[in-house]
>>> print(open('input10.txt').read())   # compact mmCIF, C-alpha atoms
# COMPACT_ATOMS: atom_id res chain seq x y z
CA PHE A 11 8.61 -20.84 25.57
CA GLY A 12 5.93 -23.38 26.40
CA PHE A 13 2.95 -21.21 25.26
CA ARG A 14 0.20 -22.62 23.05
CA ILE A 15 -0.40 -19.60 20.84
CA VAL A 16 -3.98 -20.31 19.85
CA GLU A 17 -5.00 -20.85 23.49
CA ASN A 18 -3.10 -17.90 24.98
CA SER A 19 -4.58 -14.40 24.71
CA LEU A 20 -1.24 -12.68 25.40
CA MET A 21 0.40 -14.46 22.48
CA LEU A 22 -2.51 -13.52 20.22
CA ILE A 23 -2.18 -9.88 21.29
CA TRP A 24 1.57 -10.04 20.63
CA SER A 25 1.04 -11.48 17.15
CA LYS A 26 -1.27 -8.59 16.26
CA LEU A 27 0.92 -5.91 17.85
CA PHE A 28 3.93 -7.27 15.97
CA LEU A 29 2.19 -6.44 12.68
CA VAL A 30 1.27 -2.98 13.97
CA ALA A 31 4.92 -2.46 14.98
CA ALA A 32 6.01 -3.53 11.50
CA LEU A 33 3.58 -0.97 10.04
CA LEU A 34 5.02 1.79 12.25
CA VAL A 35 8.59 0.89 11.20
CA THR A 36 7.47 0.99 7.56
CA ALA A 37 5.89 4.42 8.10
CA TYR A 38 9.10 5.64 9.76
CA PHE A 39 11.22 4.67 6.76
CA VAL A 40 8.64 6.17 4.38
CA TYR A 41 9.12 9.37 6.40
CA GLN A 42 12.91 9.07 6.09
CA ILE A 43 12.78 8.45 2.34
CA VAL A 44 10.60 11.50 1.65
CA LEU A 45 12.79 13.60 3.95
CA LEU A 46 15.89 12.40 2.09
CA MET A 47 14.30 13.21 -1.26
CA THR A 48 12.81 16.61 -0.43
CA GLY A 49 14.22 17.89 2.86
CA ASN A 50 10.61 18.92 3.60
CA ARG A 51 9.32 17.74 6.99
CA TYR A 52 5.70 18.61 6.15
CA ARG A 53 5.72 16.21 3.22
CA SER A 54 7.59 13.60 5.28
CA TRP A 55 5.05 13.67 8.12
CA LEU A 56 2.20 13.68 5.58
CA ALA A 57 3.64 10.54 3.93
CA ALA A 58 3.85 8.76 7.30
CA LEU A 59 0.31 9.84 8.23
CA LEU A 60 -1.14 8.68 4.92
CA MET A 61 0.69 5.37 5.31
CA VAL A 62 -0.77 4.46 8.70
CA SER A 63 -4.26 5.80 7.92
CA ALA A 64 -4.83 4.22 4.50
CA VAL A 65 -8.03 2.18 4.40
CA HIS A 66 -6.50 -0.92 2.78
CA ILE A 67 -3.52 -0.81 5.13
CA TYR A 68 -5.86 -0.69 8.11
CA ILE A 69 -8.03 -3.52 6.81
CA ALA A 70 -5.17 -5.84 5.88
CA VAL A 71 -2.97 -5.21 8.93
CA CYS A 72 -5.35 -4.41 11.80
CA PHE A 73 -8.46 -6.33 10.73
CA ALA A 74 -7.33 -9.29 8.61
CA GLY A 75 -3.91 -9.65 10.24
CA GLN A 76 -2.03 -10.15 6.95
CA ASN A 77 1.74 -10.42 7.46
CA ASP A 78 2.56 -8.84 4.09
CA VAL A 79 3.33 -5.64 5.96
CA VAL A 80 6.52 -7.42 7.08
CA ILE A 81 7.56 -7.59 3.40
CA CYS A 82 6.84 -3.86 3.19
CA MET A 83 8.97 -3.16 6.25
CA PHE A 84 12.05 -4.95 4.89
CA GLY A 85 11.40 -3.74 1.32
CA VAL A 86 11.07 -0.07 2.25
CA MET A 87 14.15 -0.33 4.47
CA ALA A 88 16.06 -1.91 1.57
CA VAL A 89 15.07 0.91 -0.81
CA TYR A 90 16.02 3.52 1.80
CA PHE A 91 19.55 2.14 2.10
CA LEU A 92 19.77 1.83 -1.69
CA LEU A 93 18.98 5.54 -1.93
CA LYS A 94 21.93 6.12 0.40
CA LYS A 95 24.00 3.80 -1.86
CA ARG A 96 24.63 1.26 0.88
CA TYR A 97 24.36 -1.71 -1.44
CA GLY A 98 25.23 -4.37 1.14
CA LEU A 99 22.32 -3.43 3.39
CA PHE A 100 20.07 -3.15 0.33
CA MET A 101 20.82 -6.75 -0.64
CA LEU A 102 20.59 -8.02 2.95
CA LEU A 103 17.22 -6.42 3.69
CA SER A 104 15.88 -7.44 0.28
CA SER A 105 16.76 -11.04 1.09
CA PHE A 106 14.73 -10.70 4.33
CA ALA A 107 11.73 -9.39 2.35
CA ILE A 108 11.99 -12.19 -0.23
CA ALA A 109 12.37 -14.82 2.50
CA THR A 110 9.16 -13.55 4.14
CA LYS A 111 7.20 -13.90 0.89
CA PRO A 112 8.65 -13.85 -2.63
CA PHE A 113 6.56 -10.93 -3.95
CA PHE A 114 9.35 -8.39 -3.43
CA ILE A 115 11.54 -10.24 -5.94
CA PHE A 116 9.89 -8.35 -8.83
CA THR A 117 10.97 -5.01 -7.37
CA TYR A 118 14.39 -6.32 -6.36
CA ILE A 119 15.27 -7.53 -9.87
CA GLY A 120 14.15 -4.22 -11.38
CA LEU A 121 16.34 -2.24 -8.99
CA VAL A 122 19.33 -4.55 -9.59
CA LEU A 123 18.99 -4.01 -13.35
CA PHE A 124 18.94 -0.27 -12.72
CA ILE A 125 22.06 -0.07 -10.53
CA GLU A 126 24.14 -2.77 -12.28
CA LYS A 127 24.96 -3.06 -15.99
CA ARG A 128 27.50 -5.91 -16.00
CA VAL A 129 25.92 -9.35 -16.40
CA ASP A 130 28.13 -11.02 -13.79
CA LYS A 131 27.24 -8.42 -11.14
CA ILE A 132 23.54 -8.67 -12.02
CA ILE A 133 23.64 -12.45 -11.53
CA TYR A 134 25.58 -12.06 -8.27
CA ARG A 135 23.11 -9.57 -6.79
CA VAL A 136 19.99 -11.44 -7.96
CA LEU A 137 21.26 -14.69 -6.47
CA GLY A 138 22.28 -12.77 -3.36
CA GLY A 139 18.64 -11.92 -2.81
CA PHE A 140 17.84 -15.61 -2.26
CA TRP A 141 20.59 -16.52 0.18
CA LEU A 142 18.36 -16.32 3.25
CA THR A 143 15.59 -18.35 1.59
CA ILE A 144 18.11 -21.04 0.64
CA LEU A 145 19.62 -20.99 4.14
CA PHE A 146 16.21 -21.47 5.75
CA SER A 147 15.50 -24.38 3.39
CA LEU A 148 18.75 -26.10 4.35
CA ILE A 149 18.31 -25.58 8.10
CA TYR A 150 14.63 -26.47 8.39
CA HIS A 151 14.13 -28.95 5.53
CA ASN A 152 13.53 -31.82 8.01
CA ALA A 153 11.38 -29.80 10.42
CA PRO A 154 7.76 -31.11 10.44
CA ASN A 155 6.13 -27.65 10.37
CA TYR A 156 8.42 -26.50 7.55
CA GLN A 157 7.54 -29.57 5.48
CA LYS A 158 3.87 -28.90 6.21
CA SER A 159 4.18 -25.32 4.97
CA ILE A 160 5.98 -26.50 1.82
CA LYS A 161 3.20 -28.98 1.11
CA GLY A 162 0.69 -26.18 1.60
CA ALA A 163 2.61 -24.00 -0.85
CA ILE A 164 2.57 -26.82 -3.41
CA LYS A 165 -1.14 -27.35 -2.82
CA TYR A 166 -1.86 -23.69 -3.53
CA GLY A 167 0.84 -23.38 -6.17
CA ASP A 168 -1.75 -22.61 -8.83
CA GLU A 169 -1.21 -18.93 -7.91
CA ILE A 170 2.04 -19.07 -9.92
CA GLY A 171 0.10 -20.51 -12.81
CA LYS A 172 -2.38 -17.64 -12.62
CA ILE A 173 0.46 -15.09 -12.69
CA LEU A 174 2.13 -16.79 -15.65
CA SER A 175 -1.10 -17.61 -17.49
CA LYS A 176 -1.13 -17.30 -21.28
CA ASP A 177 -3.05 -14.13 -22.01
CA ILE A 178 -1.53 -12.92 -25.29
CA SER A 179 -0.82 -14.89 -28.47
CA PHE A 180 1.69 -13.80 -31.10
CA GLY A 181 0.76 -16.10 -33.92
CA PRO A 182 0.17 -19.85 -33.52
CA VAL A 183 3.40 -20.53 -31.61
CA VAL A 184 4.30 -17.74 -29.15
CA ASN A 185 2.12 -17.29 -26.05
CA THR A 186 2.86 -15.13 -23.04
CA SER A 187 1.11 -13.35 -20.19
CA ILE A 188 0.36 -9.65 -19.97
CA PHE A 189 2.09 -9.55 -16.59
CA ILE A 190 5.35 -11.06 -17.85
CA LEU A 191 5.31 -8.92 -21.01
CA ILE A 192 4.85 -5.60 -19.19
CA LEU A 193 7.24 -6.60 -16.40
CA CYS A 194 9.94 -7.32 -19.00
CA LEU A 195 9.34 -3.91 -20.55
CA VAL A 196 9.82 -2.28 -17.12
CA TYR A 197 13.01 -4.32 -16.62
CA PHE A 198 14.32 -3.28 -20.04
CA PHE A 199 13.63 0.36 -19.22
CA ALA A 200 15.38 0.00 -15.84
CA TYR A 201 18.44 -1.48 -17.52
CA VAL A 202 18.83 1.08 -20.32
CA VAL A 203 17.74 4.32 -18.63
CA LYS A 204 20.50 6.86 -17.94
CA THR A 205 20.38 9.48 -15.21
CA LYS A 206 22.01 12.83 -14.59
CA GLY A 207 23.11 13.42 -11.02
CA ASP A 208 22.22 11.81 -7.69
CA GLU A 209 18.83 13.49 -7.38
CA GLN A 210 17.50 12.04 -10.63
CA TRP A 211 19.11 8.67 -9.80
CA ARG A 212 17.12 8.55 -6.55
CA GLN A 213 13.93 9.54 -8.36
CA TYR A 214 14.32 6.60 -10.74
CA VAL A 215 15.00 4.19 -7.85
CA LEU A 216 11.65 5.09 -6.27
CA TYR A 217 9.84 5.12 -9.62
CA ILE A 218 11.08 1.65 -10.59
CA ALA A 219 10.12 0.28 -7.15
CA MET A 220 6.62 1.72 -7.61
CA ALA A 221 6.29 0.65 -11.26
CA THR A 222 7.17 -3.00 -10.62
CA GLN A 223 4.58 -3.22 -7.85
CA PHE A 224 2.05 -1.45 -10.10
CA VAL A 225 2.56 -4.21 -12.67
CA PHE A 226 2.20 -6.93 -10.04
CA PHE A 227 -0.94 -5.34 -8.60
CA GLY A 228 -2.55 -4.36 -11.90
CA PHE A 229 -1.87 -7.40 -14.11
CA THR A 230 -2.30 -10.37 -11.81
CA GLU A 231 -5.38 -11.72 -10.08
CA TYR A 232 -6.73 -9.24 -7.53
CA PHE A 233 -5.95 -9.85 -3.86
CA TYR A 234 -6.57 -7.15 -1.28
CA TYR A 235 -3.15 -7.49 0.38
CA ARG A 236 -1.20 -6.72 -2.81
CA LEU A 237 -2.09 -3.05 -2.50
CA ILE A 238 -0.07 -3.05 0.74
CA LEU A 239 3.08 -3.83 -1.27
CA LEU A 240 2.45 -0.97 -3.67
CA PHE A 241 1.30 1.74 -1.30
CA PRO A 242 4.52 2.74 0.57
CA PHE A 243 6.41 3.16 -2.72
CA LEU A 244 3.48 5.06 -4.23
CA LEU A 245 3.50 7.47 -1.27
CA CYS A 246 7.27 7.93 -1.48
CA VAL A 247 6.97 8.84 -5.18
CA ILE A 248 4.01 11.23 -4.99
CA LEU A 249 5.27 12.99 -1.85
CA SER A 250 8.76 13.30 -3.34
CA ASN A 251 7.32 14.88 -6.48
CA LYS A 252 7.61 18.64 -6.00
CA LYS A 253 4.64 19.19 -8.32
CA TYR A 254 1.06 17.93 -8.57
CA LEU A 255 0.57 17.16 -4.84
CA ARG A 256 -3.17 17.93 -4.94
CA LEU A 257 -3.67 16.00 -8.18
CA ASN A 258 -1.71 13.04 -6.79
CA MET A 259 -3.86 13.06 -3.63
CA ILE A 260 -7.08 13.01 -5.68
CA LEU A 261 -5.84 10.12 -7.80
CA GLU A 262 -4.70 8.20 -4.72
CA ILE A 263 -8.11 8.68 -3.07
CA LEU A 264 -9.89 7.46 -6.22
CA LEU A 265 -7.57 4.47 -6.34
CA SER A 266 -8.20 3.66 -2.68
CA ALA A 267 -11.96 4.17 -3.07
CA GLY A 268 -11.91 1.75 -5.99
CA ALA A 269 -10.12 -0.79 -3.81
CA VAL A 270 -12.77 -0.27 -1.10
CA LEU A 271 -15.53 -1.03 -3.61
CA VAL A 272 -13.73 -4.22 -4.62
CA HIS A 273 -13.37 -5.19 -0.94
CA LEU A 274 -17.11 -4.85 -0.40
CA ASN A 275 -18.09 -6.33 -3.74
CA THR A 276 -16.12 -9.54 -3.33
CA ASN A 277 -17.88 -10.27 -0.01
CA GLY A 278 -14.67 -11.79 1.30
CA PHE A 279 -12.85 -10.92 4.51
CA MET A 280 -14.77 -7.62 4.85
CA GLY A 281 -18.10 -9.18 3.87
CA PRO A 282 -21.22 -8.56 5.99
CA SER A 283 -21.07 -11.92 7.76
CA TYR A 284 -17.47 -11.37 8.89
CA VAL A 285 -18.15 -7.83 10.09
CA ALA A 286 -21.31 -8.89 11.90
CA ARG A 287 -19.69 -11.81 13.71
CA GLY A 288 -16.75 -9.63 14.71
CA PHE A 289 -17.90 -6.02 15.05
CA LEU A 290 -21.52 -6.58 16.11
CA ALA A 291 -20.73 -9.52 18.37
CA ASN A 292 -18.16 -7.47 20.28
CA PHE A 293 -20.02 -4.17 20.55
CA LEU A 294 -23.59 -5.52 20.73
CA PRO A 295 -23.18 -8.79 22.64
CA GLY A 296 -26.93 -9.34 22.91
CA ILE A 297 -27.51 -9.59 19.17
CA ASN A 298 -27.90 -13.01 17.54
CA THR A 299 -25.65 -12.62 14.50
CA GLY A 300 -26.57 -16.09 13.26
CA LYS A 301 -30.11 -14.93 12.43
CA LEU A 302 -29.07 -11.87 10.44
CA HIS A 303 -29.80 -11.75 6.72
CA TYR A 304 -26.50 -11.28 4.88
CA VAL A 305 -26.78 -9.67 1.45
CA ASN A 306 -23.93 -9.71 -1.02
CA LEU A 307 -23.24 -6.25 -2.44
CA ASN A 308 -22.56 -7.92 -5.76
CA GLN A 309 -26.16 -9.17 -5.88
CA ILE A 310 -27.50 -5.65 -5.31
CA MET A 311 -25.22 -4.17 -7.96
CA TRP A 312 -26.22 -6.69 -10.62
CA SER A 313 -29.87 -5.88 -9.98
CA VAL A 314 -29.25 -2.28 -11.07
CA LYS A 315 -30.15 -1.56 -14.67
CA ASN A 316 -27.12 -1.21 -16.99
CA TYR A 317 -24.76 -2.29 -14.17
CA ALA A 318 -22.46 -4.03 -16.69
CA LEU A 319 -21.93 -0.67 -18.42
CA TYR A 320 -21.34 1.12 -15.11
CA SER A 321 -18.85 -1.57 -14.12
CA LYS A 322 -16.86 -1.02 -17.30
CA ILE A 323 -16.83 2.74 -16.69
CA PHE A 324 -15.63 2.18 -13.12
CA ASN A 325 -12.86 -0.13 -14.31
CA ALA A 326 -11.82 2.43 -16.91
CA VAL A 327 -11.59 5.17 -14.25
CA PHE A 328 -9.64 2.84 -11.96
CA ILE A 329 -7.12 1.96 -14.70
CA ALA A 330 -6.91 5.64 -15.74
CA CYS A 331 -5.91 6.57 -12.16
CA LEU A 332 -3.15 3.96 -12.24
CA ILE A 333 -1.85 5.20 -15.58
CA LEU A 334 -2.02 8.88 -14.60
CA LEU A 335 -0.10 8.21 -11.38
CA LEU A 336 2.59 6.51 -13.45
CA VAL A 337 2.71 9.29 -16.05
CA ILE A 338 2.70 12.45 -13.93
CA ASN A 339 5.22 11.03 -11.47
CA PHE A 340 7.66 9.87 -14.13
CA PRO A 341 10.98 11.65 -13.42
CA GLY A 342 11.17 12.92 -16.99
CA PHE A 343 7.61 14.33 -17.03
CA LYS A 344 7.93 18.12 -17.34
CA LYS A 345 4.52 19.30 -18.51
CA ASP A 346 3.10 22.16 -16.41
CA LEU A 347 -0.35 21.16 -15.17
CA GLY A 348 -0.73 24.21 -12.96
CA GLU A 349 -0.29 22.14 -9.80
CA GLU A 350 2.98 23.39 -8.32
CA ASN A 351 1.66 24.00 -4.80
CA ASP A 352 3.62 22.41 -1.96
CA VAL A 353 0.67 22.05 0.44
CA CYS A 354 -2.41 19.85 0.22
CA SER A 355 -5.65 21.02 1.82
CA ARG A 356 -6.73 19.19 4.95
CA GLY A 357 -10.01 18.22 3.33
CA TRP A 358 -8.30 15.77 0.99
CA ILE A 359 -6.30 14.31 3.87
CA TRP A 360 -9.45 13.83 5.96
CA LEU A 361 -11.20 12.24 2.98
CA HIS A 362 -8.29 9.81 2.61
CA MET A 363 -8.60 8.87 6.30
CA ALA A 364 -12.41 8.64 6.23
CA LEU A 365 -12.58 5.93 3.56
CA ILE A 366 -12.74 3.29 6.29
CA ILE A 367 -16.21 4.53 7.34
CA PRO A 368 -18.14 3.26 4.27
CA VAL A 369 -16.36 -0.09 4.54
CA TYR A 370 -17.91 -0.77 7.94
CA GLY A 371 -21.06 1.23 7.21
CA VAL A 372 -22.02 -0.63 4.03
CA SER A 373 -21.01 -3.99 5.47
CA LEU A 374 -23.19 -3.45 8.55
CA ALA A 375 -26.08 -2.14 6.45
CA LEU A 376 -26.01 -5.31 4.34
CA CYS A 377 -26.52 -7.40 7.49
CA PHE A 378 -30.13 -6.25 7.93
>>> encode(input="input10.txt", output="structure tokens")
Amino acid sequence: FGFRIVENSLMLIWSKLFLVAALLVTAYFVYQIVLLMTGNRYRSWLAALLMVSAVHIYIAVCFAGQNDVVICMFGVMAVYFLLKKRYGLFMLLSSFAIATKPFFIFTYIGLVLFIEKRVDKIIYRVLGGFWLTILFSLIYHNAPNYQKSIKGAIKYGDEIGKILSKDISFGPVVNTSIFILILCLVYFFAYVVKTKGDEQWRQYVLYIAMATQFVFFGFTEYFYYRLILLFPFLLCVILSNKKYLRLNMILEILLSAGAVLVHLNTNGFMGPSYVARGFLANFLPGINTGKLHYVNLNQIMWSVKNYALYSKIFNAVFIACLILLLVINFPGFKKDLGEENDVCSRGWIWLHMALIIPVYGVSLALCF
């Protein structure tokens, strides 16, 4: 329309509000999924509230401006229509998510293996997930900006190598990655599992969507935005589980707090220098942010005695939270843990929402 985006404040505002709108649409379909699964409006509203108030969602969408929330929007919509057994819309919306960024393909293949057992139908649906990506390639293959983006993807294509890196050796010949090995196990489970009735079928759809993103998040190199892809499916599963709501909330808060610590420790997009030049420069315009002394949280941590041991304990707790969330929300898990209440206290909800405070607080403190 003749606007130069970088030089036009209205276009910059629109680009940010578009991501916020995508987040709100995602939260709406999270609400609809939980309502479909439980018929409980309290749990549905709680799922939507937790979605929009999660610390890593806020950081990635509202602060860093990551467009991975668009994948979430199409992916959650696709799963919603799959739950309603509208397979055409499931495949269409999945193709939109994959065309945005290919990360949703791991979940899409797992769900296809769950709903289809004939090889020809599996191949048809998997290939159907790429039709939009292929169409874009054919239409825009000569466009200068498209070629530029492709060259950028090739330049940074080592990410694929990191995902498929050889981490496990079976003798002198066979090498594979932990990610591929565990993902194949999830796919095998999705293909062979049998369900009884529509309710259990829906439970497994959500569980497989969550499990595939767990594998992607937990067994590839850490990036802060990957938690965005996991979180809506995690919320749908734990809020659809009629047991263990309080326990699930505690585990989710520990998981999110662990992610916050990683955010601060990596000194990346939420590092002190970024926060100072953005937050302080806007709210305290008289301050000279260039003269501030930026301290890396990682440097402080390594100066603590026995930090290496504490780090291992923290990692163990973090992994334990992931595993416990997978175990207690498995559709076939029937052990009574004494957590059958249907209401979560407001204190846990407020704690979930308040996790953003230490992110800014610690980052600002490290500036001085």
>>> closest_residue(input="input10.txt", among="A:Ser25, A:Asn325, A:Thr205, A:Ser105", to="Val71 of chain A", atoms="all atoms listed in the file")
A:Ser25
>>> atom_distance(input="input10.txt", atom1="atom CA of Leu59 of chain A", atom2="atom CA of Cys82 of chain A")
16.0 Å
>>> atom_distance(input="input10.txt", atom1="atom CA of Asp78 of chain A", atom2="atom CA of Tyr134 of chain A")
26.3 Å
>>> atom_distance(input="input10.txt", atom1="atom CA of Cys194 of chain A", atom2="atom CA of Ile119 of chain A")
10.6 Å
>>> residues_around(input="input10.txt", residues="Ser104 of chain A", least_positions_apart="6", cutoff="10 Å", atoms="all atoms listed in the file", output="compact mmCIF listing (two decimals) with C-alpha atoms, in the frame of the given file")
# COMPACT_ATOMS: atom_id res chain seq x y z
CA ILE A 81 7.56 -7.59 3.40
CA PHE A 84 12.05 -4.95 4.89
CA GLY A 85 11.40 -3.74 1.32
CA VAL A 86 11.07 -0.07 2.25
CA MET A 87 14.15 -0.33 4.47
CA ALA A 88 16.06 -1.91 1.57
CA VAL A 89 15.07 0.91 -0.81
CA GLY A 98 25.23 -4.37 1.14
CA THR A 110 9.16 -13.55 4.14
CA PHE A 114 9.35 -8.39 -3.43
CA ILE A 115 11.54 -10.24 -5.94
CA THR A 117 10.97 -5.01 -7.37
CA TYR A 118 14.39 -6.32 -6.36
CA GLY A 138 22.28 -12.77 -3.36
CA GLY A 139 18.64 -11.92 -2.81
CA PHE A 140 17.84 -15.61 -2.26
CA LEU A 142 18.36 -16.32 3.25
>>> closest_residue(input="input10.txt", among="A:Gly120, A:Phe146, A:Met259, A:Cys246", to="Leu193 of chain A", atoms="only C-alpha atoms")
A:Gly120
>>> closest_residue(input="input10.txt", among="A:Ile188, A:Ala109, A:Val202, A:Leu365", to="Tyr214 of chain A", atoms="all atoms listed in the file")
A:Val202
>>> closest_residue(input="input10.txt", among="A:Trp360, A:Phe328, A:Phe340, A:Trp55", to="Phe39 of chain A", atoms="all atoms listed in the file")
A:Trp55
>>> closest_residue(input="input10.txt", among="A:Val79, A:Leu99, A:Leu265, A:Leu60", to="Leu239 of chain A", atoms="all atoms listed in the file")
A:Val79
>>> residues_around(input="input10.txt", residues="Met47 of chain A", least_positions_apart="5", cutoff="12 Å", atoms="only C-alpha atoms", output="PyMOL selection string")
chain A and resi 40-42+53-54+90+93-94+208-216+246-252
>>> closest_residue(input="input10.txt", among="A:Lys111, A:Arg256, A:Val203, A:Ile329", to="Lys127 of chain A", atoms="all atoms listed in the file")
A:Val203
